[in-house]
file input_1.cif (mmCIF, C-alpha atoms)
data_work
loop_
_atom_site.group_PDB
_atom_site.id
_atom_site.type_symbol
_atom_site.label_atom_id
_atom_site.label_comp_id
_atom_site.auth_asym_id
_atom_site.auth_seq_id
_atom_site.Cartn_x
_atom_site.Cartn_y
_atom_site.Cartn_z
ATOM 1 C CA MET A 1155 107.873 68.478 89.864
ATOM 2 C CA ARG A 1156 108.396 68.943 93.585
ATOM 3 C CA ALA A 1157 107.141 72.080 95.331
ATOM 4 C CA GLU A 1158 110.674 73.433 95.870
ATOM 5 C CA GLU A 1159 111.502 72.971 92.187
ATOM 6 C CA ARG A 1160 108.255 74.659 91.183
ATOM 7 C CA ARG A 1161 108.981 77.673 93.411
ATOM 8 C CA ALA A 1162 112.498 77.906 91.969
ATOM 9 C CA ALA A 1163 110.971 77.878 88.467
ATOM 10 C CA ILE A 1164 108.494 80.608 89.446
ATOM 11 C CA ARG A 1165 111.350 82.724 90.831
ATOM 12 C CA CYS A 1166 113.289 82.236 87.606
ATOM 13 C CA PHE A 1167 110.300 83.135 85.391
ATOM 14 C CA LEU A 1168 109.611 86.285 87.376
ATOM 15 C CA GLU A 1169 113.226 87.452 87.587
ATOM 16 C CA GLN A 1170 113.730 87.006 83.831
ATOM 17 C CA ALA A 1171 110.404 88.523 82.754
ATOM 18 C CA ASP A 1172 110.411 91.995 81.235
ATOM 19 C CA GLN A 1173 106.697 92.433 81.952
ATOM 20 C CA PRO A 1174 104.250 91.217 84.616
ATOM 21 C CA VAL A 1175 103.455 87.484 84.602
ATOM 22 C CA SER A 1176 99.978 86.373 85.670
ATOM 23 C CA ALA A 1177 99.316 83.481 88.019
ATOM 24 C CA SER A 1178 97.300 81.850 85.219
ATOM 25 C CA VAL A 1179 100.290 81.934 82.846
ATOM 26 C CA LEU A 1180 102.577 80.476 85.513
ATOM 27 C CA ALA A 1181 100.000 77.790 86.317
ATOM 28 C CA ALA A 1182 99.716 76.765 82.662
ATOM 29 C CA ARG A 1183 103.515 76.609 82.266
ATOM 30 C CA LEU A 1184 103.965 74.536 85.392
ATOM 31 C CA GLY A 1185 100.879 72.323 85.104
ATOM 32 C CA VAL A 1186 99.271 73.317 88.391
ATOM 33 C CA SER A 1187 96.281 75.389 89.437
ATOM 34 C CA ARG A 1188 96.327 79.157 89.738
ATOM 35 C CA GLN A 1189 95.703 78.797 93.477
ATOM 36 C CA VAL A 1190 98.867 76.679 93.864
ATOM 37 C CA ILE A 1191 100.827 79.503 92.203
ATOM 38 C CA VAL A 1192 99.272 82.092 94.553
ATOM 39 C CA GLY A 1193 100.357 79.970 97.524
ATOM 40 C CA ASP A 1194 103.849 79.467 96.094
ATOM 41 C CA VAL A 1195 104.267 83.213 95.551
ATOM 42 C CA ALA A 1196 103.194 83.842 99.156
ATOM 43 C CA LEU A 1197 105.878 81.391 100.322
ATOM 44 C CA LEU A 1198 108.473 83.024 98.064
ATOM 45 C CA ARG A 1199 107.599 86.411 99.596
ATOM 46 C CA ALA A 1200 107.889 84.955 103.090
ATOM 47 C CA GLY A 1201 111.304 83.642 102.050
ATOM 48 C CA GLY A 1202 112.465 87.134 101.075
ATOM 49 C CA LEU A 1203 111.714 87.433 97.351
ATOM 50 C CA ASN A 1204 110.624 90.984 96.553
ATOM 51 C CA VAL A 1205 107.580 90.242 94.387
ATOM 52 C CA SER A 1206 104.497 92.381 93.928
ATOM 53 C CA ALA A 1207 101.106 91.546 92.485
ATOM 54 C CA THR A 1208 100.135 94.223 89.972
ATOM 55 C CA PRO A 1209 96.861 94.400 88.031
ATOM 56 C CA ARG A 1210 98.620 92.644 85.119
ATOM 57 C CA GLY A 1211 100.492 89.995 87.109
ATOM 58 C CA TYR A 1212 103.502 89.417 89.323
ATOM 59 C CA VAL A 1213 106.724 91.420 89.084
ATOM 60 C CA THR A 1214 109.934 91.171 91.030
ATOM 61 C CA GLY A 1215 111.502 94.127 92.776
ATOM 62 C CA GLN A 1216 113.004 95.796 89.721
ATOM 63 C CA VAL A 1217 112.218 99.502 89.741
ATOM 64 C CA ALA A 1218 111.574 101.427 86.567
ATOM 65 C CA PRO A 1219 114.542 103.584 85.627
ATOM 66 C CA GLY A 1220 114.442 107.325 86.155
ATOM 67 C CA LEU A 1221 113.756 109.865 88.852
ATOM 68 C CA LEU A 1222 111.226 108.894 91.516
ATOM 69 C CA HIS A 1223 108.622 111.488 92.503
ATOM 70 C CA GLN A 1224 105.294 111.419 94.294
ATOM 71 C CA VAL A 1225 102.245 113.471 93.399
ATOM 72 C CA ALA A 1226 99.169 114.087 95.525
ATOM 73 C CA CYS A 1227 95.921 113.966 93.592
ATOM 74 C CA ARG A 1228 92.194 114.167 94.116
ATOM 75 C CA HIS A 1229 89.474 113.234 91.657
ATOM 76 C CA ASP A 1230 86.282 111.239 91.369
ATOM 77 C CA ALA A 1231 86.004 107.922 89.515
ATOM 78 C CA ALA A 1232 85.523 109.705 86.201
ATOM 79 C CA GLY A 1233 88.901 111.433 86.589
ATOM 80 C CA MET A 1234 90.981 108.260 86.839
ATOM 81 C CA ARG A 1235 91.495 107.813 83.073
ATOM 82 C CA SER A 1236 92.531 111.453 82.565
ATOM 83 C CA GLU A 1237 94.888 111.335 85.541
ATOM 84 C CA LEU A 1238 96.671 108.116 84.552
ATOM 85 C CA ASN A 1239 96.913 109.070 80.871
ATOM 86 C CA ALA A 1240 98.341 112.473 81.829
ATOM 87 C CA MET A 1241 101.174 110.692 83.640
ATOM 88 C CA VAL A 1242 102.033 108.054 81.052
ATOM 89 C CA ASP A 1243 101.679 110.520 78.159
ATOM 90 C CA GLN A 1244 104.598 112.477 79.608
ATOM 91 C CA GLY A 1245 106.826 109.377 79.573
ATOM 92 C CA CYS A 1246 106.473 108.477 83.249
ATOM 93 C CA THR A 1247 105.648 105.100 84.778
ATOM 94 C CA VAL A 1248 102.933 105.079 87.453
ATOM 95 C CA LEU A 1249 104.445 102.686 89.975
ATOM 96 C CA ASP A 1250 101.681 102.659 92.578
ATOM 97 C CA VAL A 1251 98.745 104.328 94.276
ATOM 98 C CA ILE A 1252 98.869 105.131 97.998
ATOM 99 C CA VAL A 1253 96.089 106.139 100.395
ATOM 100 C CA GLU A 1254 96.143 106.908 104.097
ATOM 101 C CA HIS A 1255 93.505 104.743 105.780
ATOM 102 C CA PRO A 1256 92.251 105.828 109.224
ATOM 103 C CA ILE A 1257 92.547 102.294 110.658
ATOM 104 C CA TYR A 1258 95.233 100.524 108.638
ATOM 105 C CA GLY A 1259 97.532 103.444 107.922
ATOM 106 C CA GLN A 1260 99.204 103.580 104.535
ATOM 107 C CA LEU A 1261 97.769 101.238 101.916
ATOM 108 C CA THR A 1262 99.698 100.824 98.672
ATOM 109 C CA GLY A 1263 98.538 99.208 95.452
ATOM 110 C CA PRO A 1264 101.241 98.437 92.867
ATOM 111 C CA LEU A 1265 100.295 99.550 89.345
ATOM 112 C CA ARG A 1266 103.386 99.700 87.069
ATOM 113 C CA MET A 1267 101.634 101.464 84.180
ATOM 114 C CA SER A 1268 103.739 103.082 81.484
ATOM 115 C CA SER A 1269 101.438 103.382 78.467
ATOM 116 C CA ARG A 1270 97.862 104.140 77.457
ATOM 117 C CA TYR A 1271 97.496 100.425 76.742
ATOM 118 C CA ASP A 1272 98.355 99.664 80.400
ATOM 119 C CA VAL A 1273 95.866 102.312 81.549
ATOM 120 C CA GLU A 1274 93.070 100.910 79.365
ATOM 121 C CA GLU A 1275 93.753 97.344 80.539
ATOM 122 C CA PHE A 1276 93.573 98.522 84.147
ATOM 123 C CA LEU A 1277 90.340 100.453 83.567
ATOM 124 C CA CYS A 1278 88.765 97.465 81.815
ATOM 125 C CA ARG A 1279 89.604 95.289 84.839
ATOM 126 C CA CYS A 1280 88.046 97.962 87.069
ATOM 127 C CA ASP A 1281 84.865 97.938 84.965
ATOM 128 C CA ARG A 1282 84.620 94.128 85.142
ATOM 129 C CA SER A 1283 85.133 94.055 88.903
ATOM 130 C CA ASP A 1284 82.917 94.831 91.849
ATOM 131 C CA ALA A 1285 85.975 96.267 93.636
ATOM 132 C CA ARG A 1286 86.412 100.005 94.076
ATOM 133 C CA PRO A 1287 89.630 102.034 93.661
ATOM 134 C CA LEU A 1288 91.653 102.689 96.814
ATOM 135 C CA SER A 1289 91.006 106.413 96.433
ATOM 136 C CA ASP A 1290 87.325 105.775 97.190
ATOM 137 C CA LEU A 1291 88.407 105.127 100.786
ATOM 138 C CA THR A 1292 89.751 108.663 101.115
ATOM 139 C CA GLU A 1293 87.221 110.804 99.235
ATOM 140 C CA GLY A 1294 89.427 110.716 96.150
ATOM 141 C CA ILE A 1295 92.667 111.831 97.833
ATOM 142 C CA HIS A 1296 95.691 109.671 97.006
ATOM 143 C CA LEU A 1297 99.354 109.663 96.036
ATOM 144 C CA HIS A 1298 101.103 108.151 93.048
ATOM 145 C CA THR A 1299 104.766 107.251 92.900
ATOM 146 C CA LEU A 1300 106.135 108.021 89.447
ATOM 147 C CA ALA A 1301 109.341 106.966 87.734
ATOM 148 C CA CYS A 1302 110.124 109.784 85.302
ATOM 149 C CA PRO A 1303 112.876 109.762 82.670
ATOM 150 C CA ASN A 1304 113.929 113.274 83.703
ATOM 151 C CA GLU A 1305 112.822 116.310 85.684
ATOM 152 C CA ALA A 1306 111.215 117.903 82.608
ATOM 153 C CA ALA A 1307 108.822 114.952 82.253
ATOM 154 C CA PHE A 1308 107.805 115.292 85.898
ATOM 155 C CA GLN A 1309 107.205 119.030 85.482
ATOM 156 C CA ARG A 1310 104.988 118.293 82.459
ATOM 157 C CA VAL A 1311 102.965 115.837 84.590
ATOM 158 C CA LEU A 1312 102.481 118.493 87.251
ATOM 159 C CA ALA A 1313 101.363 121.054 84.656
ATOM 160 C CA VAL A 1314 98.825 118.696 83.048
ATOM 161 C CA LEU A 1315 97.428 117.529 86.405
ATOM 162 C CA GLN A 1316 97.129 121.163 87.527
ATOM 163 C CA LYS A 1317 95.276 122.050 84.319
ATOM 164 C CA LEU A 1318 92.910 119.082 84.838
ATOM 165 C CA GLY A 1319 92.213 120.240 88.406
ATOM 166 C CA ILE A 1320 93.496 116.928 89.797
ATOM 167 C CA LEU A 1321 96.756 118.005 91.446
ATOM 168 C CA LEU A 1322 96.558 118.721 95.173
ATOM 169 C CA SER A 1323 98.760 121.616 96.175
ATOM 170 C CA ASP A 1324 99.435 123.655 99.288
#

call {"tool": "encode", "arguments": {"input": "input_1.cif", "output": "structure tokens"}}
result
Amino acid sequence: MRAEERRAAIRCFLEQADQPVSASVLAARLGVSRQVIVGDVALLRAGGLNVSATPRGYVTGQVAPGLLHQVACRHDAAGMRSELNAMVDQGCTVLDVIVEHPIYGQLTGPLRMSSRYDVEEFLCRCDRSDARPLSDLTEGIHLHTLACPNEAAFQRVLAVLQKLGILLSD
């Protein structure tokens, strides 16, 4: 398979997927190394494909349905599980985490978590990694973009985060 055909196949896989697709899965399907897939995805991005790398794999630009809201939070490492579960338990999808870095400006990490299973998978990857959460760069202060099914779900998120002492407010 030529490189152009492989990139077209990757685009097709990603656009038709209803969940994130890892580079390892794409590599196995296409008979190439994971690193070849990473390079192909970089070229697809450069060519205009809206693809993000989430903790569970690549996703194209589809946005979760619902109302989009941002919440400002602050917690230590121990608060991450409670925070993320509070959001998904109310029916919202945690699309990303955003921090304001003093040198680089806004840094965004795509998450796309919508269940406790997603949260646990993410936390397990955190435990297995030497990497630190983005919020460690900002003394725990960060934003999350949420896709909520309705305003009531978002209000429930705010109430739970407030009760946990995680929500930053004026």

call {"tool": "residues_around", "arguments": {"input": "input_1.cif", "residues": "segment 1294-1302 of chain A", "least_positions_apart": "6", "cutoff": "7 Å", "atoms": "all atoms listed in the file", "output": "MDAnalysis selection string"}}
result
chainID A and resid 1218:1230 1245:1253 1308

call {"tool": "resolve_selection", "arguments": {"input": "input_1.cif", "expression": "the PyMOL selection byres ((chain A and resi 1235) around 10)", "output": "list in words"}}
result
Ala1231, Ala1232, Gly1233, Met1234, Ser1236, Glu1237, Leu1238, Asn1239, Ala1240, Arg1270, Val1273, Glu1274, Phe1276 and Leu1277 of chain A

call {"tool": "resolve_selection", "arguments": {"input": "input_1.cif", "expression": "the PyMOL selection byres ((chain A and resi 1205) around 12)", "output": "NGL selection string"}}
result
:A and (1164-1169 or 1174-1175 or 1192 or 1194-1204 or 1206-1208 or 1211-1217 or 1264)

call {"tool": "resolve_selection", "arguments": {"input": "input_1.cif", "expression": "the PyMOL selection byres ((chain A and resi 1314) around 12)", "output": "number ranges by chain"}}
result
A: 1227, 1236-1244, 1307-1313, 1315-1321

call {"tool": "atom_distance", "arguments": {"input": "input_1.cif", "atom1": "atom CA of Met1267 of chain A", "atom2": "atom CA of Arg1282 of chain A"}}
result
18.6 Å

call {"tool": "atom_distance", "arguments": {"input": "input_1.cif", "atom1": "atom CA of Ser1176 of chain A", "atom2": "atom CA of Arg1210 of chain A"}}
result
6.4 Å

call {"tool": "closest_residue", "arguments": {"input": "input_1.cif", "among": "A:Val1179, A:Glu1293, A:Ser1268, A:Leu1184", "to": "Ala1163 of chain A", "atoms": "all atoms listed in the file"}}
result
A:Leu1184

call {"tool": "atom_distance", "arguments": {"input": "input_1.cif", "atom1": "atom CA of Leu1288 of chain A", "atom2": "atom CA of Glu1305 of chain A"}}
result
27.5 Å

call {"tool": "closest_residue", "arguments": {"input": "input_1.cif", "among": "A:Ala1162, A:Ala1157, A:Cys1278, A:Leu1322", "to": "Val1190 of chain A", "atoms": "only C-alpha atoms"}}
result
A:Ala1157

call {"tool": "residues_around", "arguments": {"input": "input_1.cif", "residues": "Met1155 of chain A", "least_positions_apart": "3", "cutoff": "12 Å", "atoms": "only C-alpha atoms", "output": "PyMOL selection string"}}
result
chain A and resi 1158-1163+1183-1186

call {"tool": "build_atoms", "arguments": {"input": "input_1.cif", "residues": "segment 1224-1235 of chain A", "atoms": "all heavy atoms", "output": "PDB file, in the frame of the given file"}}
result
ATOM      1  N   GLN A1224     106.675 111.695  93.906  1.00  0.00           N
ATOM      2  CA  GLN A1224     105.294 111.419  94.294  1.00  0.00           C
ATOM      3  C   GLN A1224     104.450 112.651  94.014  1.00  0.00           C
ATOM      4  O   GLN A1224     104.925 113.779  94.162  1.00  0.00           O
ATOM      5  CB  GLN A1224     105.184 111.033  95.765  1.00  0.00           C
ATOM      6  CG  GLN A1224     105.653 109.618  96.030  1.00  0.00           C
ATOM      7  CD  GLN A1224     105.292 109.149  97.420  1.00  0.00           C
ATOM      8  OE1 GLN A1224     105.254 109.924  98.364  1.00  0.00           O
ATOM      9  NE2 GLN A1224     105.030 107.865  97.540  1.00  0.00           N
ATOM     10  N   VAL A1225     103.206 112.389  93.602  1.00  0.00           N
ATOM     11  CA  VAL A1225     102.245 113.471  93.399  1.00  0.00           C
ATOM     12  C   VAL A1225     100.994 113.161  94.209  1.00  0.00           C
ATOM     13  O   VAL A1225     100.590 112.009  94.322  1.00  0.00           O
ATOM     14  CB  VAL A1225     101.863 113.667  91.906  1.00  0.00           C
ATOM     15  CG1 VAL A1225     103.035 114.177  91.110  1.00  0.00           C
ATOM     16  CG2 VAL A1225     101.322 112.399  91.293  1.00  0.00           C
ATOM     17  N   ALA A1226     100.424 114.207  94.781  1.00  0.00           N
ATOM     18  CA  ALA A1226      99.169 114.087  95.525  1.00  0.00           C
ATOM     19  C   ALA A1226      98.041 114.539  94.612  1.00  0.00           C
ATOM     20  O   ALA A1226      98.110 115.602  94.001  1.00  0.00           O
ATOM     21  CB  ALA A1226      99.220 114.948  96.780  1.00  0.00           C
ATOM     22  N   CYS A1227      97.019 113.707  94.516  1.00  0.00           N
ATOM     23  CA  CYS A1227      95.921 113.966  93.592  1.00  0.00           C
ATOM     24  C   CYS A1227      94.582 113.796  94.291  1.00  0.00           C
ATOM     25  O   CYS A1227      94.477 113.142  95.316  1.00  0.00           O
ATOM     26  CB  CYS A1227      95.982 112.981  92.420  1.00  0.00           C
ATOM     27  SG  CYS A1227      97.499 113.056  91.470  1.00  0.00           S
ATOM     28  N   ARG A1228      93.569 114.381  93.670  1.00  0.00           N
ATOM     29  CA  ARG A1228      92.194 114.167  94.116  1.00  0.00           C
ATOM     30  C   ARG A1228      91.281 114.273  92.905  1.00  0.00           C
ATOM     31  O   ARG A1228      91.332 115.258  92.161  1.00  0.00           O
ATOM     32  CB  ARG A1228      91.776 115.199  95.144  1.00  0.00           C
ATOM     33  CG  ARG A1228      90.368 114.918  95.679  1.00  0.00           C
ATOM     34  CD  ARG A1228      89.974 115.894  96.743  1.00  0.00           C
ATOM     35  NE  ARG A1228      88.837 115.364  97.481  1.00  0.00           N
ATOM     36  CZ  ARG A1228      88.377 115.893  98.582  1.00  0.00           C
ATOM     37  NH1 ARG A1228      88.957 116.965  99.097  1.00  0.00           N
ATOM     38  NH2 ARG A1228      87.339 115.365  99.188  1.00  0.00           N
ATOM     39  N   HIS A1229      90.458 113.245  92.736  1.00  0.00           N
ATOM     40  CA  HIS A1229      89.474 113.234  91.657  1.00  0.00           C
ATOM     41  C   HIS A1229      88.418 112.192  91.969  1.00  0.00           C
ATOM     42  O   HIS A1229      88.593 111.353  92.846  1.00  0.00           O
ATOM     43  CB  HIS A1229      90.130 112.945  90.299  1.00  0.00           C
ATOM     44  CG  HIS A1229      90.854 111.635  90.246  1.00  0.00           C
ATOM     45  ND1 HIS A1229      90.216 110.422  90.104  1.00  0.00           N
ATOM     46  CD2 HIS A1229      92.164 111.355  90.324  1.00  0.00           C
ATOM     47  CE1 HIS A1229      91.110 109.460  90.101  1.00  0.00           C
ATOM     48  NE2 HIS A1229      92.304 109.995  90.234  1.00  0.00           N
ATOM     49  N   ASP A1230      87.320 112.252  91.233  1.00  0.00           N
ATOM     50  CA  ASP A1230      86.282 111.239  91.369  1.00  0.00           C
ATOM     51  C   ASP A1230      86.616 110.094  90.410  1.00  0.00           C
ATOM     52  O   ASP A1230      87.632 110.120  89.707  1.00  0.00           O
ATOM     53  CB  ASP A1230      84.894 111.817  91.107  1.00  0.00           C
ATOM     54  CG  ASP A1230      84.760 112.443  89.724  1.00  0.00           C
ATOM     55  OD1 ASP A1230      85.621 112.203  88.848  1.00  0.00           O
ATOM     56  OD2 ASP A1230      83.783 113.172  89.515  1.00  0.00           O
ATOM     57  N   ALA A1231      85.753 109.092  90.357  1.00  0.00           N
ATOM     58  CA  ALA A1231      86.004 107.922  89.515  1.00  0.00           C
ATOM     59  C   ALA A1231      86.174 108.299  88.048  1.00  0.00           C
ATOM     60  O   ALA A1231      86.981 107.710  87.329  1.00  0.00           O
ATOM     61  CB  ALA A1231      84.873 106.904  89.680  1.00  0.00           C
ATOM     62  N   ALA A1232      85.449 109.290  87.606  1.00  0.00           N
ATOM     63  CA  ALA A1232      85.523 109.705  86.201  1.00  0.00           C
ATOM     64  C   ALA A1232      86.881 110.314  85.855  1.00  0.00           C
ATOM     65  O   ALA A1232      87.278 110.314  84.694  1.00  0.00           O
ATOM     66  CB  ALA A1232      84.412 110.701  85.888  1.00  0.00           C
ATOM     67  N   GLY A1233      87.616 110.805  86.843  1.00  0.00           N
ATOM     68  CA  GLY A1233      88.901 111.433  86.589  1.00  0.00           C
ATOM     69  C   GLY A1233      90.078 110.486  86.499  1.00  0.00           C
ATOM     70  O   GLY A1233      91.186 110.894  86.140  1.00  0.00           O
ATOM     71  N   MET A1234      89.862 109.212  86.807  1.00  0.00           N
ATOM     72  CA  MET A1234      90.981 108.260  86.839  1.00  0.00           C
ATOM     73  C   MET A1234      91.667 108.119  85.485  1.00  0.00           C
ATOM     74  O   MET A1234      92.894 108.136  85.396  1.00  0.00           O
ATOM     75  CB  MET A1234      90.496 106.889  87.348  1.00  0.00           C
ATOM     76  CG  MET A1234      91.630 105.960  87.656  1.00  0.00           C
ATOM     77  SD  MET A1234      91.231 104.510  88.687  1.00  0.00           S
ATOM     78  CE  MET A1234      89.557 104.116  88.318  1.00  0.00           C
ATOM     79  N   ARG A1235      90.913 107.976  84.416  1.00  0.00           N
ATOM     80  CA  ARG A1235      91.495 107.813  83.073  1.00  0.00           C
ATOM     81  C   ARG A1235      92.348 109.031  82.708  1.00  0.00           C
ATOM     82  O   ARG A1235      93.492 108.890  82.278  1.00  0.00           O
ATOM     83  CB  ARG A1235      90.416 107.587  82.025  1.00  0.00           C
ATOM     84  CG  ARG A1235      90.951 107.571  80.592  1.00  0.00           C
ATOM     85  CD  ARG A1235      89.876 107.301  79.556  1.00  0.00           C
ATOM     86  NE  ARG A1235      89.706 105.855  79.411  1.00  0.00           N
ATOM     87  CZ  ARG A1235      88.665 105.159  79.839  1.00  0.00           C
ATOM     88  NH1 ARG A1235      87.644 105.778  80.422  1.00  0.00           N
ATOM     89  NH2 ARG A1235      88.598 103.867  79.680  1.00  0.00           N
TER      90      ARG A1235
END
